[in-house]
>>> print(open('model09.txt').read())   # compact mmCIF, C-alpha atoms and all ligand atoms
# COMPACT_ATOMS: atom_id res chain seq x y z
CA MET A 186 114.03 91.41 -33.96
CA THR A 187 115.84 88.23 -33.01
CA TRP A 188 115.28 84.88 -34.69
CA MET A 189 113.49 83.70 -31.54
CA HIS A 190 111.11 86.71 -31.58
CA GLU A 191 110.30 86.10 -35.27
CA ARG A 192 109.43 82.47 -34.48
CA VAL A 193 107.14 83.54 -31.62
CA TRP A 194 105.35 86.06 -33.89
CA MET A 195 104.91 83.50 -36.66
CA VAL A 196 103.39 81.00 -34.23
CA LYS A 197 101.05 83.73 -32.89
CA LEU A 198 99.96 84.69 -36.44
CA LEU A 199 99.35 81.07 -37.36
CA GLY A 200 97.27 80.75 -34.22
CA VAL A 201 95.15 83.77 -35.17
CA TRP A 202 94.58 82.37 -38.71
CA ALA A 203 93.66 78.96 -37.31
CA VAL A 204 91.12 80.46 -34.91
CA ALA A 205 89.70 82.72 -37.67
CA GLY A 206 89.46 79.70 -39.99
CA MET A 207 87.62 77.67 -37.36
CA LEU A 208 85.20 80.54 -36.79
CA MET A 209 84.62 81.18 -40.52
CA ALA A 210 84.21 77.55 -41.63
CA PRO A 211 80.82 76.94 -40.04
CA CYS A 212 79.57 80.25 -41.53
CA ALA A 213 80.67 79.18 -45.00
CA LEU A 214 79.12 75.75 -44.54
CA GLY A 215 75.98 77.41 -43.24
CA GLN A 216 75.77 79.54 -46.40
CA GLN A 217 76.11 76.48 -48.64
CA ALA A 218 73.60 74.50 -46.66
CA LYS A 219 71.06 77.30 -46.89
CA THR A 220 69.86 76.66 -50.46
CA GLN A 221 68.97 73.07 -51.24
CA LYS A 222 68.99 72.09 -54.90
CA LEU A 223 65.49 70.70 -55.20
CA ALA A 224 65.81 69.59 -58.83
CA PRO A 225 68.31 69.73 -61.68
CA TYR A 226 67.56 72.03 -64.60
CA TYR A 227 65.38 70.08 -66.99
CA PRO A 228 63.02 72.33 -68.94
CA THR A 229 59.39 71.53 -69.66
CA PRO A 230 58.88 71.30 -73.45
CA HIS A 231 57.06 74.36 -74.79
CA SER A 232 54.06 72.28 -75.93
CA VAL A 233 53.69 70.91 -72.38
CA VAL A 234 54.06 74.41 -70.86
CA GLU A 235 50.95 75.46 -72.78
CA LYS A 236 49.05 72.39 -71.62
CA MET A 237 49.96 73.12 -67.98
CA LEU A 238 48.68 76.69 -68.24
CA GLU A 239 45.54 75.64 -70.14
CA MET A 240 44.86 72.94 -67.55
CA ALA A 241 44.94 75.58 -64.80
CA GLU A 242 42.70 77.80 -66.96
CA VAL A 243 45.12 80.69 -66.55
CA LYS A 244 43.66 84.07 -67.41
CA ALA A 245 44.71 87.72 -67.27
CA SER A 246 43.53 88.17 -63.68
CA ASP A 247 45.78 85.32 -62.44
CA THR A 248 49.14 85.53 -60.74
CA VAL A 249 51.22 82.52 -61.70
CA TYR A 250 54.29 81.41 -59.72
CA ASP A 251 56.71 78.88 -61.20
CA LEU A 252 58.85 77.11 -58.60
CA GLY A 253 62.36 76.81 -60.01
CA SER A 254 61.67 78.75 -63.19
CA GLY A 255 64.70 77.64 -65.22
CA ASP A 256 64.97 79.65 -68.42
CA GLY A 257 61.65 81.34 -67.59
CA ARG A 258 59.56 79.64 -70.26
CA ILE A 259 56.50 79.07 -68.04
CA VAL A 260 56.66 82.63 -66.70
CA VAL A 261 57.04 84.07 -70.21
CA ALA A 262 54.22 81.94 -71.65
CA ALA A 263 51.88 82.79 -68.75
CA ALA A 264 52.44 86.52 -69.34
CA GLU A 265 52.72 86.53 -73.13
CA LYS A 266 50.07 84.01 -74.19
CA PHE A 267 47.67 84.10 -71.24
CA GLY A 268 48.07 87.75 -70.15
CA ALA A 269 48.71 86.74 -66.52
CA THR A 270 51.04 88.31 -64.02
CA ALA A 271 53.85 85.79 -63.72
CA VAL A 272 56.68 85.29 -61.23
CA GLY A 273 59.49 82.78 -61.39
CA VAL A 274 61.75 81.76 -58.53
CA GLU A 275 65.16 80.47 -59.53
CA PHE A 276 68.45 80.12 -57.66
CA ASP A 277 70.78 79.44 -60.58
CA GLU A 278 72.26 82.83 -61.46
CA SER A 279 72.85 82.09 -65.16
CA LEU A 280 69.22 80.94 -65.57
CA VAL A 281 68.02 84.05 -63.72
CA THR A 282 70.03 86.23 -66.13
CA GLN A 283 68.82 84.30 -69.17
CA SER A 284 65.16 84.47 -68.18
CA ARG A 285 65.33 88.15 -67.25
CA MET A 286 66.88 88.88 -70.67
CA THR A 287 64.02 87.02 -72.40
CA ILE A 288 61.45 88.97 -70.38
CA LYS A 289 63.15 92.23 -71.37
CA ARG A 290 63.55 91.24 -75.05
CA LYS A 291 59.84 90.43 -75.24
CA GLY A 292 58.85 93.64 -73.43
CA LEU A 293 57.08 91.73 -70.65
CA GLU A 294 58.62 93.58 -67.67
CA GLN A 295 55.23 94.88 -66.54
CA LYS A 296 53.81 91.36 -66.36
CA ALA A 297 56.69 89.02 -65.63
CA ARG A 298 59.60 88.91 -63.22
CA ILE A 299 62.10 86.48 -61.79
CA ILE A 300 63.02 86.33 -58.12
CA ALA A 301 66.63 85.24 -57.70
CA GLY A 302 66.64 83.02 -54.64
CA ASP A 303 65.65 79.90 -52.80
CA MET A 304 62.11 78.71 -53.50
CA MET A 305 61.83 77.42 -49.94
CA VAL A 306 61.85 80.91 -48.42
CA GLN A 307 59.59 82.95 -50.72
CA ASP A 308 56.21 84.56 -50.16
CA TYR A 309 53.68 82.78 -52.37
CA SER A 310 50.61 84.46 -50.90
CA PRO A 311 49.87 86.52 -54.08
CA ALA A 312 49.67 83.36 -56.23
CA THR A 313 46.43 82.11 -57.75
CA VAL A 314 48.25 79.47 -59.82
CA VAL A 315 51.48 77.60 -59.00
CA THR A 316 53.40 75.44 -61.46
CA VAL A 317 55.76 72.75 -60.23
CA TYR A 318 58.32 70.62 -62.04
CA LEU A 319 60.50 69.24 -59.28
CA LEU A 320 61.43 65.84 -57.85
CA PRO A 321 59.06 63.79 -55.64
CA THR A 322 61.04 64.51 -52.46
CA SER A 323 61.10 68.22 -53.34
CA ASN A 324 57.33 68.23 -53.82
CA GLU A 325 57.06 66.83 -50.30
CA LYS A 326 59.22 69.67 -48.98
CA MET A 327 57.35 72.38 -50.88
CA LEU A 328 53.76 71.26 -50.23
CA PRO A 329 53.57 72.30 -46.53
CA ILE A 330 55.11 75.68 -47.42
CA LEU A 331 52.50 76.19 -50.16
CA GLN A 332 49.60 74.93 -48.05
CA LYS A 333 50.55 77.38 -45.32
CA GLN A 334 50.69 80.38 -47.64
CA LEU A 335 48.28 79.87 -50.53
CA LYS A 336 44.64 80.94 -50.53
CA PRO A 337 41.85 78.35 -50.87
CA GLY A 338 40.99 77.94 -54.54
CA THR A 339 44.61 78.32 -55.72
CA ARG A 340 45.37 75.93 -58.58
CA MET A 341 48.60 73.98 -58.63
CA VAL A 342 49.83 72.07 -61.67
CA CYS A 343 52.53 69.45 -61.24
CA HIS A 344 54.51 68.13 -64.16
CA ASP A 345 55.33 64.39 -63.98
CA PHE A 346 55.68 64.20 -60.18
CA GLU A 347 52.52 64.56 -58.15
CA PHE A 348 51.75 65.72 -54.64
CA HIS A 349 51.20 62.29 -53.11
CA GLN A 350 49.30 63.70 -50.12
CA LEU A 351 46.66 65.35 -52.33
CA THR A 352 44.07 64.05 -54.79
CA PRO A 353 44.27 65.72 -58.20
CA VAL A 354 41.05 67.13 -59.62
CA LYS A 355 42.35 66.32 -63.09
CA THR A 356 45.18 64.27 -64.60
CA ILE A 357 46.29 64.53 -68.22
CA ASN A 358 48.68 62.30 -70.12
CA VAL A 359 50.51 64.02 -72.95
CA GLU A 360 51.43 61.06 -75.13
CA ASP A 361 53.95 62.86 -77.31
CA ASP A 362 55.55 66.24 -76.65
CA GLY A 363 56.67 66.46 -80.27
CA GLU A 364 59.95 64.76 -79.45
CA GLY A 365 58.49 61.36 -78.66
CA ARG A 366 58.39 61.79 -74.87
CA SER A 367 55.25 61.39 -72.78
CA HIS A 368 54.34 63.56 -69.78
CA THR A 369 51.76 63.46 -67.01
CA LEU A 370 50.19 66.60 -65.58
CA PHE A 371 48.29 66.80 -62.28
CA LEU A 372 45.92 69.64 -61.37
CA TYR A 373 45.09 70.39 -57.74
CA VAL A 374 42.76 73.02 -56.29
CA LEU A 375 43.58 74.00 -52.70
CA LYS A 376 40.76 73.63 -50.20
C1 LIG B 401 63.21 70.63 -63.54
S1 LIG B 401 63.73 72.32 -63.64
C2 LIG B 401 62.18 73.10 -64.09
C3 LIG B 401 62.39 74.41 -64.84
C4 LIG B 401 61.06 75.09 -65.25
N1 LIG B 401 60.15 75.22 -64.15
C5 LIG B 401 60.38 74.34 -66.35
O1 LIG B 401 59.42 73.60 -66.05
O2 LIG B 401 60.83 74.46 -67.51
C6 LIG B 401 63.90 72.76 -61.89
C7 LIG B 401 64.50 74.13 -61.64
O3 LIG B 401 64.50 74.37 -60.24
C8 LIG B 401 65.67 75.12 -59.91
N2 LIG B 401 65.92 74.95 -58.46
C9 LIG B 401 66.32 73.84 -57.81
N3 LIG B 401 66.37 74.05 -56.48
C10 LIG B 401 66.01 75.34 -56.28
C11 LIG B 401 65.84 76.15 -55.12
N4 LIG B 401 66.06 75.69 -53.88
N5 LIG B 401 65.40 77.42 -55.28
C12 LIG B 401 65.15 77.92 -56.52
N6 LIG B 401 65.30 77.20 -57.67
C13 LIG B 401 65.71 75.93 -57.54
C14 LIG B 401 66.74 74.51 -60.83
O4 LIG B 401 67.84 75.37 -60.97
C15 LIG B 401 65.93 74.30 -62.11
O5 LIG B 401 66.02 75.43 -62.94
>>> encode(input="model09.txt", output="structure tokens", more="lines below")
Ligand SMILES: C[S@@+](CC[C@H](N)C(=O)[O-])C[C@H]1O[C@@H](n2cnc3c(N)ncnc32)[C@H](O)[C@@H]1O
Amino acid sequence: MTWMHERVWMVKLLGVWAVAGMLMAPCALGQQAKTQKLAPYYPTPHSVVEKMLEMAEVKASDTVYDLGSGDGRIVVAAAEKFGATAVGVEFDESLVTQSRMTIKRKGLEQKARIIAGDMMVQDYSPATVVTVYLLPTSNEKMLPILQKQLKPGTRMVCHDFEFHQLTPVKTINVEDDGEGRSHTLFLYVLK
């Protein structure tokens, strides 16, 4: 192959890579854009977790969904202390692994599970209780999804950030979580 032929082939190959890159880039961007981070990981203190579940009067016949379940503490408490069926949705892989390990260590696999994925695209229709600790803008994004899927009578408990479009049936202020921080909890019952 002459020097000229080599140059022609190199230019052709570069062209193919460039076209492939242009085709792949939007796909990669599309993948990234798919899951929106609706809140950073900031766990609810254990004492407040109990208050949230008590406020919703969670019992063994309930199915509790935690939106963005973090280390799984709400899911674990709902199953372990209240006997409910509990499902967490979490997109951070390390938190999914951590929470699944806790569920296994505590022998709660029959009652509790974690869905690894985007909370914006899940099926919440089995829920009778939903717990929410997200940001105000995220609550606004999630509310229409929940209202579309949840049955009337479903209880929703928000930690610190309310659903502005709804009127809570109960609001509780936790003055001290044991570490000197205060929290507000809002209970809603879907009509
Ligand atoms: C403030 S933390 C609350 C954790 C837990 N619910 C609690 O109260 O202890 C919010 C969680 O939502 C998760 N998250 C954020 N955006 C998400 C999304 N689109 N899908 C699933 N999880 C998401 C974060 O990784 C984080 O663990």
>>> atom_distance(input="model09.txt", atom1="atom C10 of ligand LIG 401 (chain B)", atom2="atom CA of A:Gln332")
18.4 Å
>>> residues_near_point(input="model09.txt", point="(49.7, 69.0, -70.3)", cutoff="7 Å", atoms="only C-alpha atoms", output="PyMOL selection string")
chain A and resi 233-234+236-237+240+357-359+369-370
>>> write_last_selection(input="model09.txt", atoms="C-alpha atoms", output="PDB file, keeping the file's coordinate frame")
ATOM      1  CA  VAL A 233      53.690  70.910 -72.380  1.00  0.00           C
ATOM      2  CA  VAL A 234      54.060  74.410 -70.860  1.00  0.00           C
ATOM      3  CA  LYS A 236      49.050  72.390 -71.620  1.00  0.00           C
ATOM      4  CA  MET A 237      49.960  73.120 -67.980  1.00  0.00           C
ATOM      5  CA  MET A 240      44.860  72.940 -67.550  1.00  0.00           C
ATOM      6  CA  ILE A 357      46.290  64.530 -68.220  1.00  0.00           C
ATOM      7  CA  ASN A 358      48.680  62.300 -70.120  1.00  0.00           C
ATOM      8  CA  VAL A 359      50.510  64.020 -72.950  1.00  0.00           C
ATOM      9  CA  THR A 369      51.760  63.460 -67.010  1.00  0.00           C
ATOM     10  CA  LEU A 370      50.190  66.600 -65.580  1.00  0.00           C
TER      11      LEU A 370
END
>>> residues_near_ligand(input="model09.txt", ligand="ligand LIG 401 (chain B)", cutoff="10 Å", atoms="only C-alpha atoms and all ligand atoms", output="PDB file with C-alpha atoms, in the coordinates of the input")
ATOM      1  CA  LYS A 219      71.060  77.300 -46.890  1.00  0.00           C
ATOM      2  CA  THR A 220      69.860  76.660 -50.460  1.00  0.00           C
ATOM      3  CA  GLN A 221      68.970  73.070 -51.240  1.00  0.00           C
ATOM      4  CA  LYS A 222      68.990  72.090 -54.900  1.00  0.00           C
ATOM      5  CA  LEU A 223      65.490  70.700 -55.200  1.00  0.00           C
ATOM      6  CA  ALA A 224      65.810  69.590 -58.830  1.00  0.00           C
ATOM      7  CA  PRO A 225      68.310  69.730 -61.680  1.00  0.00           C
ATOM      8  CA  TYR A 226      67.560  72.030 -64.600  1.00  0.00           C
ATOM      9  CA  TYR A 227      65.380  70.080 -66.990  1.00  0.00           C
ATOM     10  CA  PRO A 228      63.020  72.330 -68.940  1.00  0.00           C
ATOM     11  CA  THR A 229      59.390  71.530 -69.660  1.00  0.00           C
ATOM     12  CA  PRO A 230      58.880  71.300 -73.450  1.00  0.00           C
ATOM     13  CA  HIS A 231      57.060  74.360 -74.790  1.00  0.00           C
ATOM     14  CA  VAL A 233      53.690  70.910 -72.380  1.00  0.00           C
ATOM     15  CA  VAL A 234      54.060  74.410 -70.860  1.00  0.00           C
ATOM     16  CA  MET A 237      49.960  73.120 -67.980  1.00  0.00           C
ATOM     17  CA  TYR A 250      54.290  81.410 -59.720  1.00  0.00           C
ATOM     18  CA  ASP A 251      56.710  78.880 -61.200  1.00  0.00           C
ATOM     19  CA  LEU A 252      58.850  77.110 -58.600  1.00  0.00           C
ATOM     20  CA  GLY A 253      62.360  76.810 -60.010  1.00  0.00           C
ATOM     21  CA  SER A 254      61.670  78.750 -63.190  1.00  0.00           C
ATOM     22  CA  GLY A 255      64.700  77.640 -65.220  1.00  0.00           C
ATOM     23  CA  ASP A 256      64.970  79.650 -68.420  1.00  0.00           C
ATOM     24  CA  GLY A 257      61.650  81.340 -67.590  1.00  0.00           C
ATOM     25  CA  ARG A 258      59.560  79.640 -70.260  1.00  0.00           C
ATOM     26  CA  ILE A 259      56.500  79.070 -68.040  1.00  0.00           C
ATOM     27  CA  VAL A 260      56.660  82.630 -66.700  1.00  0.00           C
ATOM     28  CA  GLY A 273      59.490  82.780 -61.390  1.00  0.00           C
ATOM     29  CA  VAL A 274      61.750  81.760 -58.530  1.00  0.00           C
ATOM     30  CA  GLU A 275      65.160  80.470 -59.530  1.00  0.00           C
ATOM     31  CA  PHE A 276      68.450  80.120 -57.660  1.00  0.00           C
ATOM     32  CA  ASP A 277      70.780  79.440 -60.580  1.00  0.00           C
ATOM     33  CA  GLU A 278      72.260  82.830 -61.460  1.00  0.00           C
ATOM     34  CA  SER A 279      72.850  82.090 -65.160  1.00  0.00           C
ATOM     35  CA  LEU A 280      69.220  80.940 -65.570  1.00  0.00           C
ATOM     36  CA  VAL A 281      68.020  84.050 -63.720  1.00  0.00           C
ATOM     37  CA  ILE A 300      63.020  86.330 -58.120  1.00  0.00           C
ATOM     38  CA  ALA A 301      66.630  85.240 -57.700  1.00  0.00           C
ATOM     39  CA  GLY A 302      66.640  83.020 -54.640  1.00  0.00           C
ATOM     40  CA  ASP A 303      65.650  79.900 -52.800  1.00  0.00           C
ATOM     41  CA  MET A 304      62.110  78.710 -53.500  1.00  0.00           C
ATOM     42  CA  MET A 305      61.830  77.420 -49.940  1.00  0.00           C
ATOM     43  CA  VAL A 306      61.850  80.910 -48.420  1.00  0.00           C
ATOM     44  CA  GLN A 307      59.590  82.950 -50.720  1.00  0.00           C
ATOM     45  CA  THR A 316      53.400  75.440 -61.460  1.00  0.00           C
ATOM     46  CA  VAL A 317      55.760  72.750 -60.230  1.00  0.00           C
ATOM     47  CA  TYR A 318      58.320  70.620 -62.040  1.00  0.00           C
ATOM     48  CA  LEU A 319      60.500  69.240 -59.280  1.00  0.00           C
ATOM     49  CA  LEU A 320      61.430  65.840 -57.850  1.00  0.00           C
ATOM     50  CA  SER A 323      61.100  68.220 -53.340  1.00  0.00           C
ATOM     51  CA  MET A 327      57.350  72.380 -50.880  1.00  0.00           C
ATOM     52  CA  CYS A 343      52.530  69.450 -61.240  1.00  0.00           C
ATOM     53  CA  HIS A 344      54.510  68.130 -64.160  1.00  0.00           C
TER      54      HIS A 344
END
>>> closest_atom_pairs(input="model09.txt", of="stretch 291-317 of chain A", to="stretch 266-271 of chain A", cutoff="9 Å", atoms="only C-alpha atoms", output="tab-separated table")
residue	atom	partner	partner_atom	distance
A:Gln295	CA	A:Thr270	CA	8.2
A:Lys296	CA	A:Thr270	CA	4.7
A:Ala297	CA	A:Ala271	CA	4.7
A:Arg298	CA	A:Ala271	CA	6.6
A:Ile299	CA	A:Ala271	CA	8.5
A:Ala312	CA	A:Ala271	CA	8.9
>>> atom_distance(input="model09.txt", atom1="atom CA of A:Val261", atom2="atom CA of A:Gln350")
29.6 Å
